[in-house]
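Trainee: The structure file work-v7.csv (CSV, C-alpha atoms) is provided below.
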chain,number,residue,atom,x,y,z
A,13,MET,CA,-32.6,14.4,-5.9
A,14,PRO,CA,-32.3,10.6,-5.9
A,15,ARG,CA,-31.5,8.7,-9.1
A,16,PHE,CA,-33.6,5.7,-9.8
A,17,SER,CA,-32.9,2.2,-11.1
A,18,ALA,CA,-35.7,0.1,-12.6
A,19,ASN,CA,-35.7,-3.5,-11.3
A,20,LEU,CA,-36.3,-5.5,-14.4
A,21,SER,CA,-37.3,-8.6,-12.5
A,22,THR,CA,-40.4,-6.9,-11.2
A,23,MET,CA,-41.0,-4.0,-13.6
A,24,PHE,CA,-41.8,-4.0,-17.3
A,25,ARG,CA,-42.6,-7.7,-17.2
A,26,GLU,CA,-45.0,-7.2,-20.1
A,27,ARG,CA,-41.9,-7.6,-22.3
A,28,PRO,CA,-39.3,-10.3,-22.7
A,29,PHE,CA,-36.4,-9.7,-20.3
A,30,LEU,CA,-33.9,-8.5,-22.9
A,31,LYS,CA,-36.4,-6.0,-24.2
A,32,ARG,CA,-36.9,-4.4,-20.8
A,33,PHE,CA,-33.6,-2.5,-20.8
A,34,ALA,CA,-34.7,-0.2,-23.7
A,35,VAL,CA,-38.2,0.2,-22.4
A,36,ALA,CA,-36.8,1.3,-19.0
A,37,ALA,CA,-34.5,3.8,-20.7
A,38,ALA,CA,-37.4,5.2,-22.7
A,39,ALA,CA,-39.4,5.6,-19.5
A,40,GLY,CA,-36.6,7.8,-18.1
A,41,PHE,CA,-34.6,5.5,-15.9
A,42,GLU,CA,-30.9,6.1,-15.8
A,43,ALA,CA,-30.1,2.6,-14.4
A,44,VAL,CA,-31.5,-0.9,-14.2
A,45,GLU,CA,-31.0,-3.8,-11.9
A,46,TYR,CA,-32.4,-7.3,-11.7
A,47,GLN,CA,-32.6,-10.3,-9.4
A,48,PHE,CA,-31.6,-13.4,-11.5
A,49,ALA,CA,-30.9,-13.7,-15.2
A,50,TYR,CA,-28.6,-16.7,-15.3
A,51,ASP,CA,-30.6,-18.3,-18.1
A,52,HIS,CA,-29.4,-15.5,-20.4
A,53,ASP,CA,-25.9,-15.2,-21.9
A,54,PRO,CA,-24.2,-12.3,-20.2
A,55,ALA,CA,-23.0,-11.0,-23.6
A,56,ASP,CA,-26.6,-10.6,-24.6
A,57,ILE,CA,-27.3,-8.7,-21.5
A,58,ARG,CA,-24.3,-6.5,-22.1
A,59,GLU,CA,-25.5,-5.7,-25.6
A,60,ALA,CA,-29.0,-4.8,-24.3
A,61,ILE,CA,-27.4,-2.5,-21.7
A,62,ALA,CA,-25.2,-0.8,-24.3
A,63,ALA,CA,-27.9,-0.4,-26.8
A,64,SER,CA,-30.3,1.3,-24.3
A,65,GLY,CA,-27.6,3.5,-22.7
A,66,VAL,CA,-28.5,2.6,-19.1
A,67,THR,CA,-26.2,1.8,-16.2
A,68,LEU,CA,-26.3,-1.6,-14.5
A,69,ALA,CA,-26.6,-1.0,-10.8
A,70,LEU,CA,-26.6,-4.6,-9.5
A,71,PHE,CA,-27.9,-8.1,-9.7
A,72,ASN,CA,-28.2,-11.0,-7.3
A,73,ALA,CA,-26.0,-14.0,-6.9
A,74,PRO,CA,-27.8,-17.3,-7.5
A,75,PRO,CA,-30.0,-18.1,-4.4
A,76,GLY,CA,-29.8,-21.9,-4.6
A,77,ASP,CA,-32.9,-23.9,-5.7
A,78,PHE,CA,-35.4,-21.1,-5.9
A,79,ALA,CA,-38.1,-23.3,-7.2
A,80,ALA,CA,-37.7,-25.5,-4.1
A,81,GLY,CA,-38.0,-22.5,-1.8
A,82,GLU,CA,-34.4,-21.7,-1.2
A,83,ARG,CA,-33.7,-17.9,-0.8
A,84,GLY,CA,-29.9,-17.9,-0.5
A,85,LEU,CA,-27.4,-20.2,1.0
A,86,ALA,CA,-24.9,-17.9,2.7
A,87,ALA,CA,-26.2,-18.5,6.3
A,88,LEU,CA,-27.0,-22.2,5.9
A,89,PRO,CA,-24.7,-24.4,8.1
A,90,GLY,CA,-23.3,-27.3,6.1
A,91,ARG,CA,-23.8,-25.7,2.7
A,92,ALA,CA,-20.5,-23.7,2.4
A,93,ALA,CA,-19.5,-25.7,-0.7
A,94,ASP,CA,-22.9,-25.1,-2.3
A,95,PHE,CA,-22.7,-21.4,-1.5
A,96,ALA,CA,-19.2,-21.1,-2.9
A,97,ALA,CA,-20.5,-22.8,-6.1
A,98,THR,CA,-23.2,-20.1,-6.5
A,99,LEU,CA,-20.4,-17.4,-6.7
A,100,GLU,CA,-19.0,-18.9,-9.8
A,101,PRO,CA,-21.9,-18.1,-12.2
A,102,ALA,CA,-22.1,-14.7,-10.4
A,103,ALA,CA,-18.4,-14.1,-11.1
A,104,ALA,CA,-18.7,-15.2,-14.7
A,105,HIS,CA,-21.6,-12.7,-15.3
A,106,ALA,CA,-19.8,-10.0,-13.4
A,107,ALA,CA,-16.7,-10.5,-15.5
A,108,VAL,CA,-18.8,-9.6,-18.6
A,109,LEU,CA,-21.2,-7.0,-17.1
A,110,ALA,CA,-19.0,-5.3,-14.5
A,111,PRO,CA,-21.7,-4.4,-12.0
A,112,PRO,CA,-20.7,-2.2,-9.0
A,113,ALA,CA,-22.7,-4.4,-6.6
A,114,LEU,CA,-23.9,-7.9,-6.1
A,115,HIS,CA,-26.7,-8.9,-3.7
A,116,VAL,CA,-25.9,-12.1,-1.7
A,117,MET,CA,-29.0,-13.7,-0.1
A,118,SER,CA,-28.6,-15.1,3.4
A,119,GLY,CA,-31.3,-17.8,3.2
A,120,ILE,CA,-34.0,-19.4,5.4
A,121,THR,CA,-32.7,-21.0,8.5
A,122,GLY,CA,-33.2,-21.0,12.3
A,123,ASP,CA,-30.0,-22.9,13.0
A,124,PRO,CA,-28.1,-21.4,15.9
A,125,ALA,CA,-24.9,-21.6,13.8
A,126,ALA,CA,-26.3,-19.5,11.1
A,127,ARG,CA,-24.7,-16.2,12.1
A,128,ASP,CA,-21.2,-17.6,12.3
A,129,THR,CA,-21.8,-19.5,9.0
A,130,LEU,CA,-22.9,-16.3,7.3
A,131,ILE,CA,-19.8,-14.4,8.6
A,132,ARG,CA,-17.5,-17.1,7.3
A,133,ASN,CA,-19.2,-17.3,3.9
A,134,LEU,CA,-19.3,-13.6,3.4
A,135,ALA,CA,-15.6,-13.3,4.4
A,136,ALA,CA,-14.8,-15.9,1.7
A,137,ALA,CA,-17.1,-14.2,-0.8
A,138,THR,CA,-15.5,-10.8,-0.4
A,139,THR,CA,-12.1,-12.3,-1.0
A,140,ARG,CA,-13.4,-14.2,-4.1
A,141,LEU,CA,-15.0,-11.1,-5.6
A,142,PRO,CA,-12.7,-8.2,-4.3
A,143,ASP,CA,-13.7,-5.8,-7.0
A,144,ILE,CA,-17.4,-5.9,-6.4
A,145,THR,CA,-19.4,-4.5,-3.5
A,146,LEU,CA,-21.3,-7.4,-2.0
A,147,LEU,CA,-24.6,-6.5,-0.4
A,148,ILE,CA,-26.7,-8.2,2.3
A,149,GLU,CA,-30.3,-7.3,2.7
A,150,PRO,CA,-32.6,-7.7,5.7
A,151,ILE,CA,-35.9,-9.2,4.4
A,152,ASN,CA,-39.2,-9.2,6.1
A,153,THR,CA,-40.6,-12.5,7.5
A,154,ARG,CA,-44.1,-11.9,6.2
A,155,ASP,CA,-43.0,-12.3,2.6
A,156,VAL,CA,-40.2,-14.8,3.4
A,157,PRO,CA,-41.0,-16.7,6.6
A,158,GLY,CA,-37.9,-17.9,8.4
A,159,TYR,CA,-35.4,-15.7,6.5
A,160,PHE,CA,-32.3,-15.3,8.7
A,161,LEU,CA,-31.4,-11.7,8.2
A,162,THR,CA,-34.4,-9.5,9.1
A,163,ARG,CA,-33.2,-6.2,10.7
A,164,GLN,CA,-30.7,-3.5,9.7
A,165,ARG,CA,-28.8,-3.6,13.0
A,166,GLN,CA,-28.3,-7.3,12.6
A,167,GLY,CA,-26.9,-6.7,9.2
A,168,ILE,CA,-24.6,-4.0,10.4
A,169,GLU,CA,-23.2,-6.2,13.1
A,170,ILE,CA,-22.5,-9.0,10.6
A,171,ILE,CA,-20.8,-6.4,8.2
A,172,GLU,CA,-18.6,-5.2,11.1
A,173,ALA,CA,-17.8,-8.8,12.1
A,174,VAL,CA,-16.6,-9.6,8.5
A,175,GLY,CA,-14.6,-6.4,8.4
A,176,ALA,CA,-14.3,-6.3,4.6
A,177,GLU,CA,-14.4,-2.9,2.7
A,178,ASN,CA,-16.5,-4.4,-0.1
A,179,LEU,CA,-19.4,-5.6,2.1
A,180,LYS,CA,-22.3,-3.2,2.5
A,181,LEU,CA,-26.0,-3.1,3.5
A,182,GLN,CA,-28.8,-3.1,1.1
A,183,PHE,CA,-31.4,-0.9,2.7
A,184,ASP,CA,-34.9,-1.9,1.4
A,185,VAL,CA,-37.4,0.6,2.6
A,186,TYR,CA,-40.3,-1.8,2.0
A,187,HIS,CA,-38.8,-4.5,4.2
A,188,ARG,CA,-37.7,-2.0,6.9
A,189,GLN,CA,-41.2,-0.6,7.1
A,190,ILE,CA,-42.7,-4.0,7.7
A,191,MET,CA,-40.2,-5.2,10.3
A,192,GLU,CA,-39.3,-2.0,12.1
A,193,GLY,CA,-40.7,1.2,10.7
A,194,ASP,CA,-38.9,4.4,11.8
A,195,LEU,CA,-37.6,4.8,8.2
A,196,ILE,CA,-35.9,8.2,8.3
A,197,ARG,CA,-34.1,7.4,11.6
A,198,GLY,CA,-33.2,4.1,10.1
A,199,LEU,CA,-31.6,5.7,7.1
A,200,GLU,CA,-29.7,8.1,9.2
A,201,ASP,CA,-28.4,5.4,11.5
A,202,CYS,CA,-27.4,3.0,8.7
A,203,ALA,CA,-26.0,5.6,6.4
A,204,PRO,CA,-22.3,4.7,6.8
A,205,HIS,CA,-23.0,1.1,5.9
A,206,ILE,CA,-25.5,1.5,3.0
A,207,GLY,CA,-24.4,0.3,-0.4
A,208,HIS,CA,-27.8,0.3,-2.1
A,209,ILE,CA,-31.4,1.4,-1.4
A,210,GLN,CA,-34.6,-0.2,-2.7
A,211,ILE,CA,-38.2,1.0,-2.5
A,212,ALA,CA,-41.7,-0.3,-2.9
A,213,GLY,CA,-45.1,0.7,-1.6
A,214,THR,CA,-46.2,-0.9,1.7
A,215,PRO,CA,-48.1,-3.1,2.4
A,216,GLY,CA,-48.8,-4.3,-1.1
A,217,ARG,CA,-45.3,-3.9,-2.7
A,218,HIS,CA,-46.8,-1.9,-5.5
A,219,GLU,CA,-45.8,1.6,-6.7
A,220,PRO,CA,-44.2,3.8,-4.1
A,221,ASP,CA,-47.1,6.3,-4.2
A,222,ILE,CA,-49.5,3.5,-3.1
A,223,GLY,CA,-49.6,2.6,0.6
A,224,GLU,CA,-48.6,4.0,3.9
A,225,ILE,CA,-45.1,5.4,3.3
A,226,SER,CA,-44.6,9.1,2.5
A,227,TYR,CA,-41.9,8.6,-0.1
A,228,PRO,CA,-41.3,12.3,-0.8
A,229,ALA,CA,-40.1,12.5,2.8
A,230,VAL,CA,-38.0,9.4,2.4
A,231,PHE,CA,-36.4,10.7,-0.8
A,232,GLU,CA,-35.5,13.9,1.1
A,233,ALA,CA,-33.9,11.8,3.8
A,234,ILE,CA,-31.9,9.8,1.2
A,235,ASP,CA,-30.5,13.1,-0.1
A,236,ALA,CA,-29.8,14.4,3.4
A,237,ILE,CA,-27.7,11.4,4.4
A,238,GLY,CA,-25.5,12.0,1.3
A,239,TYR,CA,-26.4,8.8,-0.5
A,240,ALA,CA,-25.1,9.1,-4.1
A,241,GLY,CA,-26.0,5.7,-5.5
A,242,PHE,CA,-29.2,4.6,-7.3
A,243,VAL,CA,-32.5,3.9,-5.6
A,244,GLY,CA,-33.8,0.6,-6.9
A,245,CYS,CA,-37.5,0.3,-7.7
A,246,GLU,CA,-38.1,-3.3,-6.7
A,247,TYR,CA,-41.9,-3.1,-6.8
A,248,MET,CA,-44.7,-5.1,-8.4
A,249,PRO,CA,-46.7,-2.7,-10.6
A,250,LYS,CA,-50.5,-2.9,-10.0
A,251,ALA,CA,-51.2,-3.0,-13.7
A,252,ARG,CA,-49.1,-2.1,-16.8
A,253,THR,CA,-45.8,-0.7,-15.6
A,254,GLU,CA,-45.9,2.5,-17.6
A,255,ASP,CA,-49.4,3.2,-16.3
A,256,GLY,CA,-48.1,3.4,-12.7
A,257,LEU,CA,-45.2,5.8,-13.3
A,258,GLY,CA,-46.9,8.9,-12.3
A,259,TRP,CA,-44.9,9.0,-9.1
A,260,PHE,CA,-41.7,9.0,-11.2
A,261,ALA,CA,-42.5,12.2,-13.2
A,262,PRO,CA,-40.8,14.7,-10.9
A,263,TYR,CA,-37.6,12.5,-10.8
A,264,ARG,CA,-37.3,11.6,-14.5
A,265,HIS,CA,-34.0,12.7,-15.9
A,266,ARG,CA,-34.3,11.6,-19.6
Reformat the file's structure so that it appears as structure tokens.
Mentor:
Amino acid sequence: MPRFSANLSTMFRERPFLKRFAVAAAAGFEAVEYQFAYDHDPADIREAIAASGVTLALFNAPPGDFAAGERGLAALPGRAADFAATLEPAAAHAAVLAPPALHVMSGITGDPAARDTLIRNLAAATTRLPDITLLIEPINTRDVPGYFLTRQRQGIEIIEAVGAENLKLQFDVYHRQIMEGDLIRGLEDCAPHIGHIQIAGTPGRHEPDIGEISYPAVFEAIDAIGYAGFVGCEYMPKARTEDGLGWFAPYRHR
């Protein structure tokens, strides 16, 4: 049976960020993850984690100027110094919070040099953060037009080109369904490279029991490939978060 992580950047948004850890634990989640929380002192986040008793599964490295539309810098030619600078706050938070994984966003670019740039930057990042598994995630171009990394095979080829033990694939079922479908075969094919899995209902990115995906079958496939990590719930609740947790009842551990 999969173990689930509540993404606190998308779930329980009815509460202030630091209050969401305890609410997620009370709802039955063993773990939490989030996208960006660099406006919070990592010591305060550590205290919220400890007080709630949850495990921190991952968070994202800074994506550049998010308000200006940047969605990562790792694949952007000419921005290597800017990308390296984003690793410093990530490293500072990781030193306090000790996450097992960190998601590094590739960015929006159509430059022909993007692939080689991404490989070089990831090689440098895996060396800079040798004790953390770095993750790259294919993202669909409907939600993020122009995103460089869009397909699992593309991600695996980049991982193999970098050749670092601490670089893995973040397999987001929602993005995969939009771009490629064939979810169970995709999980099977990508299994050796998967470092984290995320879910959401498709097409609306709401609860996993809303939409076209048969998540019970997906969860069985996740078990079948031997994945032992957390499954991140990176979805946007249709209403109040707790009101949409009926899907979670069979999997609740607390």
Trainee: Between atom CA of A:Met13 and atom CA of A:Gly238, what is the distance in Å, rounded to a tenth?
Mentor: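 Separating atom CA of A:Met13 from atom CA of A:Gly238 is a distance of 10.4 Å.
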Trainee: Residues at most 9 Å from stretch 199-216 of chain A, counting only C-alpha atoms, excluding those fewer than 2 positions away in the same chain, as a ChimeraX atom specification?
Mentor: /A:17,69-70,113,145-147,164-165,168,171,179-187,189-190,194-197,218-225,227,230,233-234,236-239,241-248
Trainee: Between A:Thr67, A:Thr253, A:Asn152, A:Gln47, which has the minimum distance to A:Pro112 (counting all atoms listed in the file)?
Mentor: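 Of all the options, A:Thr67 lies closest to A:Pro112.
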Trainee: Have a look at A:Val66, A:Asn72, A:Ile170, A:Pro54 and name the one nearest to A:Ala104; count all atoms listed in the file.
Mentor: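 Answer, going by the shortest atom-to-atom distance: A:Pro54.
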Trainee: In the coordinate frame of the file, compute which residues have an atom within 12 Å of (-22.9, -22.5, -15.3) when using only C-alpha atoms, and state them as a ChimeraX atom specification.
Mentor: /A:49-54,74,97-105
Trainee: Could you check how far atom CA of A:Leu85 sits from atom CA of A:Thr121, in Å to one decimal?
Mentor: 9.2 Å
Trainee: Please measure the separation of atom CA of A:Ala39 and atom CA of A:Val116, giving the value in Å to one decimal.
Mentor: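 Taking atom CA of A:Ala39 and atom CA of A:Val116, their separation equals 28.5 Å.
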Trainee: Which one is closest to A:Pro142: A:Ala37, A:Leu161, A:Leu257, A:Ala176? Count only C-alpha atoms.
Mentor: A:Ala176
Trainee: For a quick check of your reading of the model, name the residues lying within 10 Å of the coordinate (-12.5, -10.4, 9.6), counting only C-alpha atoms, and write them as JSON, numbers by chain.
Mentor: {"A": [131, 132, 134, 135, 136, 171, 172, 173, 174, 175, 176]}
Trainee: Next, dump the selected residues to file, keeping only C-alpha atoms, as a PDB file, in the coordinates of the input.
Mentor:
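Output file result29.pdb follows:
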ATOM      1  CA  ILE A 131     -19.800 -14.400   8.600  1.00  0.00           C
ATOM      2  CA  ARG A 132     -17.500 -17.100   7.300  1.00  0.00           C
ATOM      3  CA  LEU A 134     -19.300 -13.600   3.400  1.00  0.00           C
ATOM      4  CA  ALA A 135     -15.600 -13.300   4.400  1.00  0.00           C
ATOM      5  CA  ALA A 136     -14.800 -15.900   1.700  1.00  0.00           C
ATOM      6  CA  ILE A 171     -20.800  -6.400   8.200  1.00  0.00           C
ATOM      7  CA  GLU A 172     -18.600  -5.200  11.100  1.00  0.00           C
ATOM      8  CA  ALA A 173     -17.800  -8.800  12.100  1.00  0.00           C
ATOM      9  CA  VAL A 174     -16.600  -9.600   8.500  1.00  0.00           C
ATOM     10  CA  GLY A 175     -14.600  -6.400   8.400  1.00  0.00           C
ATOM     11  CA  ALA A 176     -14.300  -6.300   4.600  1.00  0.00           C
TER      12      ALA A 176
END
